[in-house]
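Report on the following structure.
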Amino acid sequence: MEDQYLDAFIRESEEEITKLNNSLLELESDPSSREAMDQIFRTAHTLKGNFGAMGFEAASDLAHAMEDLLDEMREDNLEVTPDVMDLIFAGVDQIEAIVNEIEEHGESTTDTSETVDQLRTVLEEGTGSVDTESTSETGTSRGHETDLSGIEVDDDAADSQVIYASVDLGDSDMPGVDAMFVLESIEEVFDILDADPEREEIENGSYDDTFGLALDADDTGAVEDELAALGRVEDAIVENVTDEILDNGGSVSVSGSADEHEVDEIKSVRVDVDQLDDLHGLVEQLVTSRIKLRRAVEEDNLDSASDTLNELDKITANLQNTVMDMRLIPLKKVVGKFPRMVRDLSRELGKEVNFEIEGEEIELDRTILTEISDPLMHIIRNSLDHGIEAPEERAEAGKPREGQVTLRASRQRDHVTIEVADDGAGLNVEDLEQTAIERNVRSPEELETMDDSDIYDLVFHPGFSTAEEVTGTSGRGVGMDVVHDTVTQLDGSVDVDSTPGQGTTVSLRLPVTMAIVKVLFVQVGDEEYGIPIKNVDEITGADEVKHVNGQEVIKHNDEIYPVIELDERFDVPRRATADGGTAGGEMLVRIRESERQVALRCDAVNSQEEVVVKPLEGLLSGTPGLSGTAVLGDGNIVHILDVVTL
């Protein structure tokens, strides 16, 4: 099967699944909605046809059974009940798992017969026949109680997360031998942290029907895929048990329920034909200008070469704008999966939540949109877990039993603001201050000088959390430090506003396109660094530096600006002078007060230039004082400074 057709099939299937989930949520909210029902039926029909055309019969059979059930509901022959909706949602989850499997392996080994049988039974016997114990998605923990008493894992044993797998090998003639092969295969991919019963007993075949494994893995999906590929495994239930297994003092990162609602990297964009025509026209102009420039150089005609370079400047600027526009994708590409996530988490938490999205047509660069998907999920999960109160608690406070969470986006010129607002309990300033003192984030004296807005922003400090206990929903440390790091690396900002008893709003301000910024290049020893021009207020000589309490400072408009020595901060030796001493410290770059009240000391200020800033990745990600790198015209790589975290 050609990759281009398979890729198109996968992308369309992902869109149809999101559409189906949201239409099902609309129907669950209003069972009388004919429009929602018709949309659901059409989407299920499309999925059935697409799976069949591509030869994925198991998925096609499942979509067909769902289509038949939905048709009966559309004809009012079957009631829309919560149990039936759970069964249909479980079917959608299995279809999504199949699509993910096809994308990774080119085929699917998932057995859909059990879900198809359940759907057919409901069709024949009515809504009373729904098996509520088995409507949970296969491979997740919903509706399943797990006995972890036989599992012990040290806090520092796992690098990623603790994923528990209950493995069933079915009717095996050699249970010990089969189990040994399964364990060895799993161990090639994941570290086995513990087993129940003990591994020796499992390999001797001394286990009843199933055995349990605690694995060090990134997420449940990775474990599910590995087990599904093992022919000896008949069935497995996989779940994230990090919080249940480890003490709160552990260092393992947690995403909990998020594993079931991952937003994948955006791998395709839809391009308007007019944009393609514009791109083609610009390429033609580039070819023409290239020929003219080469001829001018060969003829040593500098005037003609200069004119052609000016033409190239205009062409490349237009080309840059056209390509940037082609990379813009509507926000709904990411947030389209959030309503289903909110529905599932609300049910897990026993809360009633109405979730609304405003401005989902607002467009952002593909890379930015992919990067902010996880931060947005963190924020929404926090709203559900720590913001929105239980229905009874809300009723006692005179609030509606149903909480409200709203994600809204708006555009202001070259930036987009995304807000997640809830009408929950809000943040308590006194609790935040107490936590900041207990965790040595701020001293009592520092807190006295901070206003409420600054205190709310303390939630972005690594590990800062006012939650009495860490839950699988919001994750260890709430993850707001991850939100802050991701957004700032994208040259954006994040802010928190809250009113106790009334709710909390988290605001993300992001650039529309990837950062092409004008930077000021400064010399530090033999190294060159870039400072975004928008952060610079003034460039002065170093002769105004004074010493106050042992700290070098400068004064501007009666305000004191501490001096940061860039050579010391980045451990860069200063240039040597002819007499054997060191040169440097000759220039100060004063940063805008709105960003940070400091001045940066460097050897020299070189030039200004527009550059494309690439966020730091891998081990360098989150390095204090650095926001990214830029490749210059001569091929050299320059680090771009983050003045806030220096």
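Ligands are numbered from 1 in the order shown, residues from 1 within each chain, and chains are lettered A, B, ... in the order they appear in the structure tokens.
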Point to revise | Neighbour list for A:Ser185 as a list in words, cut-off 10 Å, only C-alpha atoms, skip fewer than 4 positions in-chain | key: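 Non-adjacent residues within range: Ala179, Met180, Phe181, Val189, Phe190, Glu226, Leu227 and Leu230 of chain A.
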Practice item. For A:Arg569, list every protein, DNA or RNA residue within 9 Å, evaluated using only C-alpha atoms, and leave out those in the same chain fewer than 3 positions away; present the list as number ranges by chain. Key: A: 564-566, 572, 625, 646
The selected residues should be written to file as a tab-separated table (two decimals), in the first residue's frame (atoms: C-alpha atoms).
```tsv
chain	number	residue	atom	x	y	z
A	564	ILE	CA	24.46	40.69	35.28
A	565	GLU	CA	27.95	39.72	34.08
A	566	LEU	CA	27.34	37.57	30.99
A	572	VAL	CA	33.16	32.51	29.14
A	625	GLY	CA	19.06	32.12	30.35
A	646	LEU	CA	19.19	34.68	33.19
```
Practice item. Write out as a ChimeraX atom specification the residues lying within 8 Å of stretch 53-68 of chain A, counting only C-alpha atoms and excluding same-chain residues fewer than 4 positions away. Key: /A:41,44-45,47-49,72,88,91,95,98,107-108,110-113,115-116,119-120,123
Practice item. Run DSSP on the backbone and give me the residues of stretch 330-428 of chain A it puts in alpha helix (DSSP H), as a ChimeraX atom specification. Key: /A:332-335,338-349,366-382,391-396
Expected file contents, prior selection, C-alpha atoms, as a CSV table (one decimal), in the first residue's frame:
```
chain,number,residue,atom,x,y,z
A,332,LYS,CA,-9.5,23.3,16.5
A,333,LYS,CA,-7.0,20.8,15.1
A,334,VAL,CA,-5.6,20.5,18.7
A,335,VAL,CA,-8.5,21.5,20.9
A,338,PHE,CA,-10.5,18.3,24.5
A,339,PRO,CA,-14.3,18.0,24.9
A,340,ARG,CA,-14.0,14.2,25.0
A,341,MET,CA,-11.2,14.5,27.5
A,342,VAL,CA,-13.2,16.8,29.8
A,343,ARG,CA,-16.2,14.4,29.6
A,344,ASP,CA,-14.1,11.4,30.6
A,345,LEU,CA,-12.2,13.2,33.4
A,346,SER,CA,-15.3,14.7,34.8
A,347,ARG,CA,-16.9,11.3,35.1
A,348,GLU,CA,-13.8,9.9,36.8
A,349,LEU,CA,-13.7,12.8,39.3
A,366,ARG,CA,1.9,24.2,13.0
A,367,THR,CA,4.9,23.9,15.3
A,368,ILE,CA,3.5,26.3,17.9
A,369,LEU,CA,0.1,24.5,17.9
A,370,THR,CA,1.8,21.1,18.4
A,371,GLU,CA,3.9,22.4,21.3
A,372,ILE,CA,1.1,24.0,23.2
A,373,SER,CA,-1.3,21.0,23.1
A,374,ASP,CA,0.2,19.4,26.2
A,375,PRO,CA,0.3,22.7,28.2
A,376,LEU,CA,-3.3,23.3,27.4
A,377,MET,CA,-4.2,19.8,28.6
A,378,HIS,CA,-2.3,20.4,31.8
A,379,ILE,CA,-4.2,23.6,32.4
A,380,ILE,CA,-7.6,22.0,31.7
A,381,ARG,CA,-6.9,19.0,33.9
A,382,ASN,CA,-5.9,21.3,36.7
A,391,PRO,CA,-21.5,19.2,42.8
A,392,GLU,CA,-22.5,19.1,46.5
A,393,GLU,CA,-19.8,21.5,47.5
A,394,ARG,CA,-20.8,23.9,44.8
A,395,ALA,CA,-24.5,23.7,45.8
A,396,GLU,CA,-23.6,24.5,49.4
```
**Study point:** Distance of atom CA of A:His639 from atom CA of A:Glu568, expressed in Å to one decimal place
**Key:**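 Between these atoms lies a distance of 15.8 Å.
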